[in-house]
$ cat input_27.cif   # mmCIF, C-alpha atoms (C1' of nucleotides)
data_structure
#
loop_
_atom_site.group_PDB
_atom_site.id
_atom_site.type_symbol
_atom_site.label_atom_id
_atom_site.label_comp_id
_atom_site.auth_asym_id
_atom_site.auth_seq_id
_atom_site.Cartn_x
_atom_site.Cartn_y
_atom_site.Cartn_z
ATOM 1 C CA MET U 1 53.039 34.373 152.094
ATOM 2 C CA LYS U 2 55.259 31.432 152.798
ATOM 3 C CA GLN U 3 58.311 31.925 154.921
ATOM 4 C CA ASN U 4 61.303 29.748 155.607
ATOM 5 C CA TYR U 5 60.562 27.531 152.704
ATOM 6 C CA ASN U 6 62.675 24.413 152.802
ATOM 7 C CA PHE U 7 64.265 22.331 150.134
ATOM 8 C CA LYS U 8 62.598 19.150 151.230
ATOM 9 C CA ARG U 9 59.301 20.397 149.903
ATOM 10 C CA GLY U 10 58.808 20.618 146.209
ATOM 11 C CA LYS U 11 60.690 17.395 145.890
ATOM 12 C CA ASN U 12 57.857 15.132 144.749
ATOM 13 C CA ASN U 13 58.772 15.449 141.112
ATOM 14 C CA ILE U 14 57.656 11.938 140.277
ATOM 15 C CA ASP U 15 54.252 12.432 141.891
ATOM 16 C CA MET U 16 53.892 15.672 140.004
ATOM 17 C CA ILE U 17 54.691 14.115 136.649
ATOM 18 C CA LEU U 18 52.483 11.076 137.161
ATOM 19 C CA LEU U 19 49.486 13.134 138.219
ATOM 20 C CA LYS U 20 50.050 15.586 135.413
ATOM 21 C CA ILE U 21 49.986 12.836 132.801
ATOM 22 C CA LEU U 22 46.968 11.178 134.421
ATOM 23 C CA CYS U 23 45.091 14.429 133.839
ATOM 24 C CA ASN U 24 45.037 13.388 130.171
ATOM 25 C CA GLY U 25 43.313 10.065 130.831
ATOM 26 C CA ASP U 26 43.715 6.695 132.511
ATOM 27 C CA PHE U 27 46.959 4.848 131.980
ATOM 28 C CA TYR U 28 48.711 1.808 133.400
ATOM 29 C CA GLY U 29 52.142 1.714 134.973
ATOM 30 C CA TYR U 30 54.252 0.553 132.096
ATOM 31 C CA GLN U 31 52.453 2.928 129.792
ATOM 32 C CA LEU U 32 53.162 5.827 132.124
ATOM 33 C CA SER U 33 56.855 5.057 132.066
ATOM 34 C CA GLN U 34 56.773 5.086 128.246
ATOM 35 C CA LEU U 35 54.841 8.340 128.140
ATOM 36 C CA ILE U 36 57.328 10.009 130.456
ATOM 37 C CA LYS U 37 60.126 9.114 128.063
ATOM 38 C CA GLU U 38 58.109 10.317 125.104
ATOM 39 C CA PHE U 39 56.851 13.570 126.615
ATOM 40 C CA SER U 40 60.322 14.484 127.883
ATOM 41 C CA HIS U 41 61.872 13.927 124.458
ATOM 42 C CA GLU U 42 63.679 10.860 125.835
ATOM 43 C CA MET U 43 65.455 13.053 128.354
ATOM 44 C CA ILE U 44 64.300 11.225 131.462
ATOM 45 C CA SER U 45 62.921 7.875 132.452
ATOM 46 C CA ILE U 46 61.588 6.552 135.712
ATOM 47 C CA PRO U 47 62.956 3.196 136.852
ATOM 48 C CA GLU U 48 60.373 0.665 137.912
ATOM 49 C CA GLY U 49 61.613 0.695 141.467
ATOM 50 C CA SER U 50 60.574 4.330 141.609
ATOM 51 C CA LEU U 51 57.466 4.230 139.458
ATOM 52 C CA TYR U 52 55.394 1.537 141.092
ATOM 53 C CA PRO U 53 56.005 2.506 144.729
ATOM 54 C CA ALA U 54 55.060 6.054 143.772
ATOM 55 C CA LEU U 55 51.792 4.836 142.257
ATOM 56 C CA TYR U 56 51.012 2.742 145.341
ATOM 57 C CA LYS U 57 51.625 5.710 147.573
ATOM 58 C CA LEU U 58 49.387 7.953 145.513
ATOM 59 C CA GLN U 59 46.721 5.266 145.663
ATOM 60 C CA ASP U 60 47.078 4.840 149.435
ATOM 61 C CA ASN U 61 46.524 8.559 149.802
ATOM 62 C CA GLY U 62 43.396 8.436 147.659
ATOM 63 C CA TYR U 63 44.871 10.678 144.983
ATOM 64 C CA ILE U 64 44.413 8.039 142.312
ATOM 65 C CA SER U 65 42.275 4.899 141.977
ATOM 66 C CA ALA U 66 43.207 1.621 140.322
ATOM 67 C CA GLU U 67 41.164 -0.641 138.092
ATOM 68 C CA LYS U 68 42.178 -3.941 136.518
ATOM 69 C CA ARG U 69 41.208 -4.257 132.888
ATOM 70 C CA LEU U 70 41.655 -7.155 130.493
ATOM 71 C CA VAL U 71 42.533 -5.838 127.078
ATOM 72 C CA GLY U 72 41.464 -8.521 124.589
ATOM 73 C CA LYS U 73 42.791 -11.823 125.904
ATOM 74 C CA ARG U 74 45.892 -10.083 127.135
ATOM 75 C CA GLN U 75 47.146 -10.169 130.635
ATOM 76 C CA GLU U 76 45.435 -7.689 132.854
ATOM 77 C CA ARG U 77 46.718 -4.204 133.174
ATOM 78 C CA ILE U 78 46.132 -1.927 136.113
ATOM 79 C CA TYR U 79 44.814 1.398 134.970
ATOM 80 C CA TYR U 80 45.117 4.413 137.216
ATOM 81 C CA HIS U 81 42.623 7.233 137.353
ATOM 82 C CA ILE U 82 43.173 10.606 138.979
ATOM 83 C CA GLU U 83 40.677 11.563 141.663
ATOM 84 C CA PRO U 84 39.547 15.095 142.583
ATOM 85 C CA SER U 85 41.808 15.095 145.635
ATOM 86 C CA GLY U 86 44.629 14.101 143.305
ATOM 87 C CA ARG U 87 43.994 17.169 141.204
ATOM 88 C CA ASP U 88 44.102 19.288 144.344
ATOM 89 C CA TYR U 89 47.341 17.656 145.391
ATOM 90 C CA LEU U 90 48.757 18.240 141.925
ATOM 91 C CA GLN U 91 47.957 21.929 142.189
ATOM 92 C CA THR U 92 49.787 22.049 145.502
ATOM 93 C CA ILE U 93 52.963 20.363 144.317
ATOM 94 C CA LEU U 94 52.902 22.292 141.052
ATOM 95 C CA SER U 95 52.864 25.592 142.909
ATOM 96 C CA ASP U 96 55.487 24.288 145.336
ATOM 97 C CA TYR U 97 57.630 23.352 142.373
ATOM 98 C CA GLU U 98 57.259 26.758 140.772
ATOM 99 C CA TYR U 99 57.933 28.472 144.063
ATOM 100 C CA LEU U 100 61.181 26.606 144.629
ATOM 101 C CA THR U 101 62.253 27.004 141.015
ATOM 102 C CA THR U 102 61.698 30.751 141.225
ATOM 103 C CA ALA U 103 63.635 31.058 144.462
ATOM 104 C CA ILE U 104 66.564 29.077 143.102
ATOM 105 C CA GLN U 105 66.531 31.154 139.948
ATOM 106 C CA TYR U 106 66.774 34.302 142.027
ATOM 107 C CA ILE U 107 69.868 32.955 143.725
ATOM 108 C CA LEU U 108 71.488 31.649 140.559
ATOM 109 C CA SER U 109 71.008 34.935 138.757
ATOM 110 C CA TYR U 110 72.053 37.156 141.651
ATOM 111 C CA GLN U 111 74.889 39.547 140.964
ATOM 112 C CA TYR U 112 76.682 40.035 144.251
ATOM 113 C CA ALA U 113 77.810 43.595 144.866
ATOM 114 C CA PRO U 114 80.183 43.648 147.845
ATOM 115 C CA GLN U 115 80.048 46.738 150.107
ATOM 116 C CA GLU U 116 83.724 47.235 150.910
ATOM 117 C CA GLU U 117 86.599 46.026 148.819
ATOM 118 C CA THR U 118 89.761 45.087 150.657
ATOM 119 C CA GLU U 119 92.196 43.615 148.200
ATOM 120 C CA ASP U 120 93.968 40.540 149.472
ATOM 121 C CA GLU U 121 94.876 38.626 146.392
ATOM 122 C CA MET H 122 73.920 12.783 124.874
ATOM 123 C CA LYS H 123 72.579 11.602 128.173
ATOM 124 C CA GLN H 124 70.077 8.813 128.238
ATOM 125 C CA ASN H 125 67.807 7.516 130.917
ATOM 126 C CA TYR H 126 68.346 10.457 133.130
ATOM 127 C CA ASN H 127 67.094 9.831 136.633
ATOM 128 C CA PHE H 128 65.558 12.033 139.226
ATOM 129 C CA LYS H 129 68.130 11.276 141.860
ATOM 130 C CA ARG H 130 70.681 13.296 139.983
ATOM 131 C CA GLY H 131 70.328 17.036 139.857
ATOM 132 C CA LYS H 132 69.120 16.942 143.404
ATOM 133 C CA ASN H 133 72.034 18.649 145.127
ATOM 134 C CA ASN H 134 70.271 21.968 145.283
ATOM 135 C CA ILE H 135 71.990 23.044 148.471
ATOM 136 C CA ASP H 136 75.447 22.254 147.113
ATOM 137 C CA MET H 137 74.591 24.171 143.978
ATOM 138 C CA ILE H 138 73.439 27.237 145.849
ATOM 139 C CA LEU H 139 76.351 27.263 148.268
ATOM 140 C CA LEU H 140 78.937 26.925 145.526
ATOM 141 C CA LYS H 141 77.203 29.533 143.416
ATOM 142 C CA ILE H 142 77.309 32.070 146.225
ATOM 143 C CA LEU H 143 80.915 31.192 147.049
ATOM 144 C CA CYS H 144 81.802 32.197 143.493
ATOM 145 C CA ASN H 145 81.264 35.774 144.685
ATOM 146 C CA GLY H 146 83.836 35.550 147.461
ATOM 147 C CA ASP H 147 84.641 33.846 150.753
ATOM 148 C CA PHE H 148 81.883 33.629 153.333
ATOM 149 C CA TYR H 149 81.255 31.847 156.608
ATOM 150 C CA GLY H 150 78.408 29.518 157.412
ATOM 151 C CA TYR H 151 76.025 31.809 159.189
ATOM 152 C CA GLN H 152 76.630 34.458 156.564
ATOM 153 C CA LEU H 153 75.806 32.026 153.798
ATOM 154 C CA SER H 154 72.476 31.241 155.408
ATOM 155 C CA GLN H 155 71.706 34.960 155.559
ATOM 156 C CA LEU H 156 72.739 35.497 151.937
ATOM 157 C CA ILE H 157 70.511 32.661 150.775
ATOM 158 C CA LYS H 158 67.549 34.349 152.413
ATOM 159 C CA GLU H 159 68.497 37.693 150.941
ATOM 160 C CA PHE H 160 69.273 36.501 147.411
ATOM 161 C CA SER H 161 66.063 34.485 147.235
ATOM 162 C CA HIS H 162 63.969 37.467 148.323
ATOM 163 C CA GLU H 163 63.266 35.708 151.630
ATOM 164 C CA MET H 164 61.654 32.847 149.749
ATOM 165 C CA ILE H 165 63.866 30.095 151.117
ATOM 166 C CA SER H 166 66.192 29.448 154.018
ATOM 167 C CA ILE H 167 68.514 26.597 154.831
ATOM 168 C CA PRO H 168 68.283 25.205 158.355
ATOM 169 C CA GLU H 169 71.600 24.841 160.117
ATOM 170 C CA GLY H 170 71.215 21.093 160.266
ATOM 171 C CA SER H 171 71.340 21.124 156.472
ATOM 172 C CA LEU H 172 73.818 23.913 155.972
ATOM 173 C CA TYR H 173 76.771 22.784 158.033
ATOM 174 C CA PRO H 174 76.785 19.115 157.023
ATOM 175 C CA ALA H 175 76.584 20.252 153.398
ATOM 176 C CA LEU H 176 79.629 22.484 153.904
ATOM 177 C CA TYR H 177 81.572 19.663 155.576
ATOM 178 C CA LYS H 178 80.774 17.342 152.717
ATOM 179 C CA LEU H 179 81.900 19.885 150.147
ATOM 180 C CA GLN H 180 85.080 20.345 152.125
ATOM 181 C CA ASP H 181 85.704 16.603 152.420
ATOM 182 C CA ASN H 182 85.432 16.366 148.656
ATOM 183 C CA GLY H 183 87.934 19.168 148.181
ATOM 184 C CA TYR H 184 85.410 21.428 146.487
ATOM 185 C CA ILE H 185 85.858 24.142 149.098
ATOM 186 C CA SER H 186 88.524 24.970 151.670
ATOM 187 C CA ALA H 187 88.053 26.381 155.152
ATOM 188 C CA GLU H 188 90.009 29.029 156.994
ATOM 189 C CA LYS H 189 89.486 30.337 160.511
ATOM 190 C CA ARG H 190 89.662 34.087 160.767
ATOM 191 C CA LEU H 191 89.412 36.355 163.787
ATOM 192 C CA VAL H 192 87.530 39.464 162.848
ATOM 193 C CA GLY H 193 88.637 42.158 165.304
ATOM 194 C CA LYS H 194 88.549 40.609 168.748
ATOM 195 C CA ARG H 195 85.445 38.696 167.810
ATOM 196 C CA GLN H 196 84.977 34.996 168.015
ATOM 197 C CA GLU H 197 86.464 33.206 165.086
ATOM 198 C CA ARG H 198 84.508 32.557 161.988
ATOM 199 C CA ILE H 199 85.168 29.813 159.492
ATOM 200 C CA TYR H 200 85.383 31.218 156.015
ATOM 201 C CA TYR H 201 84.893 28.951 153.047
ATOM 202 C CA HIS H 202 86.611 29.375 149.721
ATOM 203 C CA ILE H 203 85.674 27.651 146.488
ATOM 204 C CA GLU H 204 88.416 25.625 144.834
ATOM 205 C CA PRO H 205 88.858 24.990 141.114
ATOM 206 C CA SER H 206 87.412 21.497 141.462
ATOM 207 C CA GLY H 207 84.460 23.104 143.192
ATOM 208 C CA ARG H 208 83.864 25.293 140.186
ATOM 209 C CA ASP H 209 83.967 22.231 137.978
ATOM 210 C CA TYR H 210 81.525 20.450 140.240
ATOM 211 C CA LEU H 211 79.271 23.507 140.186
ATOM 212 C CA GLN H 212 79.231 23.443 136.406
ATOM 213 C CA THR H 213 78.208 19.797 136.517
ATOM 214 C CA ILE H 214 75.336 20.208 138.936
ATOM 215 C CA LEU H 215 74.222 23.414 137.236
ATOM 216 C CA SER H 216 73.919 21.654 133.895
ATOM 217 C CA ASP H 217 72.263 18.675 135.604
ATOM 218 C CA TYR H 218 69.795 21.060 137.161
ATOM 219 C CA GLU H 219 69.004 22.747 133.866
ATOM 220 C CA TYR H 220 68.709 19.421 132.135
ATOM 221 C CA LEU H 221 66.178 18.119 134.624
ATOM 222 C CA THR H 222 64.267 21.395 134.669
ATOM 223 C CA THR H 223 63.992 21.341 130.895
ATOM 224 C CA ALA H 224 62.797 17.740 130.825
ATOM 225 C CA ILE H 225 60.164 18.389 133.484
ATOM 226 C CA GLN H 226 59.025 21.478 131.636
ATOM 227 C CA TYR H 227 58.538 19.398 128.502
ATOM 228 C CA ILE H 228 56.289 17.023 130.403
ATOM 229 C CA LEU H 229 54.334 19.720 132.206
ATOM 230 C CA SER H 230 53.647 21.604 129.008
ATOM 231 C CA TYR H 231 52.813 18.548 126.927
ATOM 232 C CA GLN H 232 49.412 18.547 125.267
ATOM 233 C CA TYR H 233 48.335 14.946 125.044
ATOM 234 C CA ALA H 234 46.566 14.043 121.807
ATOM 235 C CA PRO H 235 44.950 10.603 122.154
ATOM 236 C CA GLN H 236 44.815 8.407 119.036
ATOM 237 C CA GLU H 237 41.369 6.880 119.390
ATOM 238 C CA GLU H 238 38.477 8.394 121.293
ATOM 239 C CA THR H 239 36.015 5.997 122.892
ATOM 240 C CA GLU H 240 33.519 7.933 124.931
ATOM 241 C CA ASP H 241 32.744 6.395 128.279
ATOM 242 C CA GLU H 242 31.630 9.288 130.365
ATOM 243 C "C1'" DA J 243 74.462 42.505 187.528
ATOM 244 C "C1'" DG J 244 71.069 40.003 184.992
ATOM 245 C "C1'" DT J 245 68.714 38.930 180.931
ATOM 246 C "C1'" DC J 246 67.699 38.470 176.231
ATOM 247 C "C1'" DA J 247 68.341 38.283 171.317
ATOM 248 C "C1'" DA J 248 71.357 37.819 167.655
ATOM 249 C "C1'" DC J 249 75.435 35.730 166.188
ATOM 250 C "C1'" DA J 250 78.163 31.441 165.053
ATOM 251 C "C1'" DC J 251 78.918 26.688 165.078
ATOM 252 C "C1'" DC J 252 78.011 21.656 165.978
ATOM 253 C "C1'" DT J 253 75.699 16.976 165.928
ATOM 254 C "C1'" DA J 254 72.705 12.696 166.709
ATOM 255 C "C1'" DG J 255 68.940 10.712 165.044
ATOM 256 C "C1'" DA J 256 64.767 10.536 162.027
ATOM 257 C "C1'" DT J 257 62.442 10.791 157.675
ATOM 258 C "C1'" DA J 258 61.454 9.879 153.184
ATOM 259 C "C1'" DA J 259 62.404 10.025 148.209
ATOM 260 C "C1'" DA J 260 64.431 7.597 144.834
ATOM 261 C "C1'" DC J 261 67.119 3.897 143.193
ATOM 262 C "C1'" DA J 262 69.303 -0.837 142.026
ATOM 263 C "C1'" DA J 263 68.528 -5.288 141.304
ATOM 264 C "C1'" DA J 264 66.313 -8.828 141.509
ATOM 265 C "C1'" DA J 265 61.964 -11.919 140.525
ATOM 266 C "C1'" DT J 266 57.540 -13.414 138.124
ATOM 267 C "C1'" DA J 267 54.639 -14.013 134.092
ATOM 268 C "C1'" DT J 268 52.574 -13.238 129.409
ATOM 269 C "C1'" DA J 269 53.000 -12.237 124.477
ATOM 270 C "C1'" DT J 270 55.385 -12.023 120.093
ATOM 271 C "C1'" DG J 271 58.600 -12.997 116.653
ATOM 272 C "C1'" DT J 272 62.436 -15.845 114.708
ATOM 273 C "C1'" DA Z 273 63.519 -23.203 121.420
ATOM 274 C "C1'" DC Z 274 65.021 -18.766 122.512
ATOM 275 C "C1'" DA Z 275 65.147 -13.863 122.827
ATOM 276 C "C1'" DT Z 276 62.798 -9.629 123.375
ATOM 277 C "C1'" DA Z 277 59.159 -6.564 124.752
ATOM 278 C "C1'" DT Z 278 55.436 -6.060 127.799
ATOM 279 C "C1'" DA Z 279 53.725 -5.614 132.671
ATOM 280 C "C1'" DT Z 280 54.004 -5.830 137.626
ATOM 281 C "C1'" DT Z 281 56.167 -6.669 142.233
ATOM 282 C "C1'" DT Z 282 59.345 -6.395 146.088
ATOM 283 C "C1'" DT Z 283 63.563 -6.117 149.097
ATOM 284 C "C1'" DG Z 284 67.046 -3.613 150.486
ATOM 285 C "C1'" DT Z 285 70.068 0.497 150.061
ATOM 286 C "C1'" DT Z 286 71.472 5.080 149.553
ATOM 287 C "C1'" DT Z 287 71.453 9.788 150.556
ATOM 288 C "C1'" DA Z 288 69.637 14.464 150.986
ATOM 289 C "C1'" DT Z 289 67.534 17.019 154.099
ATOM 290 C "C1'" DC Z 290 65.422 18.082 158.333
ATOM 291 C "C1'" DT Z 291 64.285 18.250 163.480
ATOM 292 C "C1'" DA Z 292 65.705 19.414 167.572
ATOM 293 C "C1'" DG Z 293 68.563 19.755 170.460
ATOM 294 C "C1'" DG Z 294 73.411 21.464 172.184
ATOM 295 C "C1'" DT Z 295 77.697 24.935 173.020
ATOM 296 C "C1'" DG Z 296 79.568 29.449 173.431
ATOM 297 C "C1'" DT Z 297 80.141 34.713 172.181
ATOM 298 C "C1'" DT Z 298 78.661 39.398 171.689
ATOM 299 C "C1'" DG Z 299 76.163 43.479 172.533
ATOM 300 C "C1'" DA Z 300 72.158 45.939 174.030
ATOM 301 C "C1'" DC Z 301 68.773 46.949 177.349
ATOM 302 C "C1'" DT Z 302 67.089 47.147 182.024
#
$ encode --input "input_27.cif" --output "structure tokens"
Amino acid sequence: MKQNYNFKRGKNNIDMILLKILCNGDFYGYQLSQLIKEFSHEMISIPEGSLYPALYKLQDNGYISAEKRLVGKRQERIYYHIEPSGRDYLQTILSDYEYLTTAIQYILSYQYAPQEETEDE
Amino acid sequence: MKQNYNFKRGKNNIDMILLKILCNGDFYGYQLSQLIKEFSHEMISIPEGSLYPALYKLQDNGYISAEKRLVGKRQERIYYHIEPSGRDYLQTILSDYEYLTTAIQYILSYQYAPQEETEDE
DNA sequence: AGTCAACACCTAGATAAACAAAATATATGT
DNA sequence: ACATATATTTTGTTTATCTAGGTGTTGACT
């Protein structure tokens, strides 16, 4: 079992969401940002300054691959495809996320029962 | 309602946990780190390099107050006490946290139904 | 008397995630 | 001609958290 789990881990929420959506098929950047809005019931959106650097980092790590496609005579779009190692990485950050969420939930729902009561108020 | 919620918000997990625990009474730094381990079933711990700066920041913002107490003839400990504004702040980051958790859960549990299927595999 | 572990606090510097705010360019509708 | 939506890029900034050290006290064991 894990010990001394830190808060820094389980922080790659954007990676997690992007990879999760890419499990459903290949999408391009702008499309991903739209899907995130849609899937979250318009609750969250990822600014471009977060989205694209995240995609480049995932690509650098080999978790996703990129392919330029010309749709009709339109400008080219860069479609991203999740690779097997990306699915592995997704599993890791998903379980990290659940782990941290569980731990925080324990703390938030804890009912503190003090041992000795010395009134001073 | 909130719109365009970002990931940067709802990230003050350490603040949230510290304030939550301080709702149960006054504690000192080292004690807080022990309680976090205990309450989380040993799942997480906060390193001192995260804990103390977080406490100082909360204090600077007036969310908590500090008081030195000598327990017996022991070395002094610095007890922290949550202030009303700290409780307000806790409510804010708690609802931010729940908001973000809900939105992520929507995305993670989304079943994508593509409009048009063109087989290419 | 010496040592060691647990207690209790402090801090400088590094890392890295996420963001804001720009810019570029195409396509579409009015 | 102009505005809006689409689509990508990049520079610089912020900030949360961590690493890795440091100081000093207390109490137990040898």
$ closest_residue --input "input_27.cif" --among "H:Ile228, H:Leu191, H:Leu215, H:Leu139" --to "chain U" --atoms "all atoms listed in the file"
H:Ile228
$ residues_around --input "input_27.cif" --residues "segment 22-30 of chain U" --least-positions-apart "6" --cutoff "10 Å" --atoms "all atoms listed in the file" --output "PyMOL selection string"
(chain U and resi 16+48+51-52+55+64-69+77-83+86-87+90) or (chain H and resi 231-235) or (chain Z and resi 278-280)
$ interface_residues --input "input_27.cif" --of "chain H" --to "chain Z" --cutoff "7 Å" --atoms "only C-alpha atoms (C1' of nucleotides)" --output "PyMOL selection string"
chain H and resi 170-171+196
$ atom_distance --input "input_27.cif" --atom1 "atom CA of Thr222 of chain H" --atom2 "atom CA of Thr101 of chain U"
8.7 Å
$ atom_distance --input "input_27.cif" --atom1 "atom CA of Ile44 of chain U" --atom2 "atom CA of Gln31 of chain U"
14.6 Å
$ closest_residue --input "input_27.cif" --among "U:Ile93, U:Ala54, U:Val71, U:Ile17" --to "chain H" --atoms "all atoms listed in the file"
U:Ile17
$ resolve_selection --input "input_27.cif" --expression "the PyMOL selection byres ((chain H and resi 219) around 12)" --output "number ranges by chain"
U: 43, 101, 104-105, 108; H: 130-132, 134, 137, 212-218, 220-226
$ write_last_selection --input "input_27.cif" --atoms "C-alpha atoms" --output "PDB file, in the coordinates of the input"
ATOM      1  CA  MET U  43      65.455  13.053 128.354  1.00  0.00           C
ATOM      2  CA  THR U 101      62.253  27.004 141.015  1.00  0.00           C
ATOM      3  CA  ILE U 104      66.564  29.077 143.102  1.00  0.00           C
ATOM      4  CA  GLN U 105      66.531  31.154 139.948  1.00  0.00           C
ATOM      5  CA  LEU U 108      71.488  31.649 140.559  1.00  0.00           C
TER       6      LEU U 108
ATOM      7  CA  ARG H 130      70.681  13.296 139.983  1.00  0.00           C
ATOM      8  CA  GLY H 131      70.328  17.036 139.857  1.00  0.00           C
ATOM      9  CA  LYS H 132      69.120  16.942 143.404  1.00  0.00           C
ATOM     10  CA  ASN H 134      70.271  21.968 145.283  1.00  0.00           C
ATOM     11  CA  MET H 137      74.591  24.171 143.978  1.00  0.00           C
ATOM     12  CA  GLN H 212      79.231  23.443 136.406  1.00  0.00           C
ATOM     13  CA  THR H 213      78.208  19.797 136.517  1.00  0.00           C
ATOM     14  CA  ILE H 214      75.336  20.208 138.936  1.00  0.00           C
ATOM     15  CA  LEU H 215      74.222  23.414 137.236  1.00  0.00           C
ATOM     16  CA  SER H 216      73.919  21.654 133.895  1.00  0.00           C
ATOM     17  CA  ASP H 217      72.263  18.675 135.604  1.00  0.00           C
ATOM     18  CA  TYR H 218      69.795  21.060 137.161  1.00  0.00           C
ATOM     19  CA  TYR H 220      68.709  19.421 132.135  1.00  0.00           C
ATOM     20  CA  LEU H 221      66.178  18.119 134.624  1.00  0.00           C
ATOM     21  CA  THR H 222      64.267  21.395 134.669  1.00  0.00           C
ATOM     22  CA  THR H 223      63.992  21.341 130.895  1.00  0.00           C
ATOM     23  CA  ALA H 224      62.797  17.740 130.825  1.00  0.00           C
ATOM     24  CA  ILE H 225      60.164  18.389 133.484  1.00  0.00           C
ATOM     25  CA  GLN H 226      59.025  21.478 131.636  1.00  0.00           C
TER      26      GLN H 226
END
$ closest_atom_pairs --input "input_27.cif" --of "chain J" --to "chain U" --cutoff "10 Å" --atoms "all atoms listed in the file" --output "CSV"
residue,atom,partner,partner_atom,distance
J:DA258,C1',U:Lys8,CA,9.5
J:DA259,C1',U:Asn12,CA,7.7
J:DA260,C1',U:Ser50,CA,6.0
J:DC261,C1',U:Gly49,CA,6.6
J:DA262,C1',U:Gly49,CA,7.9
J:DA263,C1',U:Gly49,CA,9.1
J:DA267,C1',U:Gln75,CA,9.1
J:DT268,C1',U:Gln75,CA,6.4
J:DA269,C1',U:Arg74,CA,7.9
$ closest_residue --input "input_27.cif" --among "U:Ser85, U:Ser109, U:Asn61, U:Ser40" --to "chain H" --atoms "all atoms listed in the file"
U:Ser40
$ atom_distance --input "input_27.cif" --atom1 "atom C1' of DG271 of chain J" --atom2 "atom CA of Phe39 of chain U"
28.4 Å
$ closest_residue --input "input_27.cif" --among "U:Ser45, U:Tyr56, U:Tyr89, U:Gln34" --to "chain H" --atoms "only C-alpha atoms"
U:Ser45
$ closest_residue --input "input_27.cif" --among "H:Pro205, H:Leu156, H:Gln180, H:Tyr227" --to "chain U" --atoms "only C-alpha atoms"
H:Tyr227
$ build_atoms --input "input_27.cif" --residues "segment 47-61 of chain U" --atoms "N, CA and C atoms" --output "compact mmCIF listing (two decimals), in the frame of the given file"
# COMPACT_ATOMS: atom_id res chain seq x y z
N PRO U 47 62.76 4.63 136.63
CA PRO U 47 62.96 3.20 136.85
C PRO U 47 61.76 2.60 137.58
N GLU U 48 61.55 1.32 137.36
CA GLU U 48 60.37 0.66 137.91
C GLU U 48 60.34 0.71 139.43
N GLY U 49 61.53 0.65 140.02
CA GLY U 49 61.61 0.70 141.47
C GLY U 49 61.21 2.03 142.04
N SER U 50 61.09 3.03 141.18
CA SER U 50 60.57 4.33 141.61
C SER U 50 59.11 4.48 141.22
N LEU U 51 58.80 4.02 140.02
CA LEU U 51 57.47 4.23 139.46
C LEU U 51 56.37 3.55 140.29
N TYR U 52 56.49 2.26 140.46
CA TYR U 52 55.39 1.54 141.09
C TYR U 52 55.18 1.93 142.55
N PRO U 53 56.23 2.02 143.36
CA PRO U 53 56.00 2.51 144.73
C PRO U 53 55.35 3.88 144.75
N ALA U 54 55.68 4.72 143.81
CA ALA U 54 55.06 6.05 143.77
C ALA U 54 53.57 5.93 143.49
N LEU U 55 53.21 5.05 142.57
CA LEU U 55 51.79 4.84 142.26
C LEU U 55 51.05 4.27 143.47
N TYR U 56 51.68 3.33 144.17
CA TYR U 56 51.01 2.74 145.34
C TYR U 56 50.79 3.80 146.41
N LYS U 57 51.75 4.67 146.55
CA LYS U 57 51.62 5.71 147.57
C LYS U 57 50.51 6.69 147.21
N LEU U 58 50.46 7.06 145.97
CA LEU U 58 49.39 7.95 145.51
C LEU U 58 48.02 7.30 145.72
N GLN U 59 47.98 6.00 145.49
CA GLN U 59 46.72 5.27 145.66
C GLN U 59 46.35 5.19 147.15
N ASP U 60 47.33 4.91 147.99
CA ASP U 60 47.08 4.84 149.44
C ASP U 60 46.52 6.16 149.95
N ASN U 61 46.98 7.25 149.36
CA ASN U 61 46.52 8.56 149.80
C ASN U 61 45.21 8.98 149.15
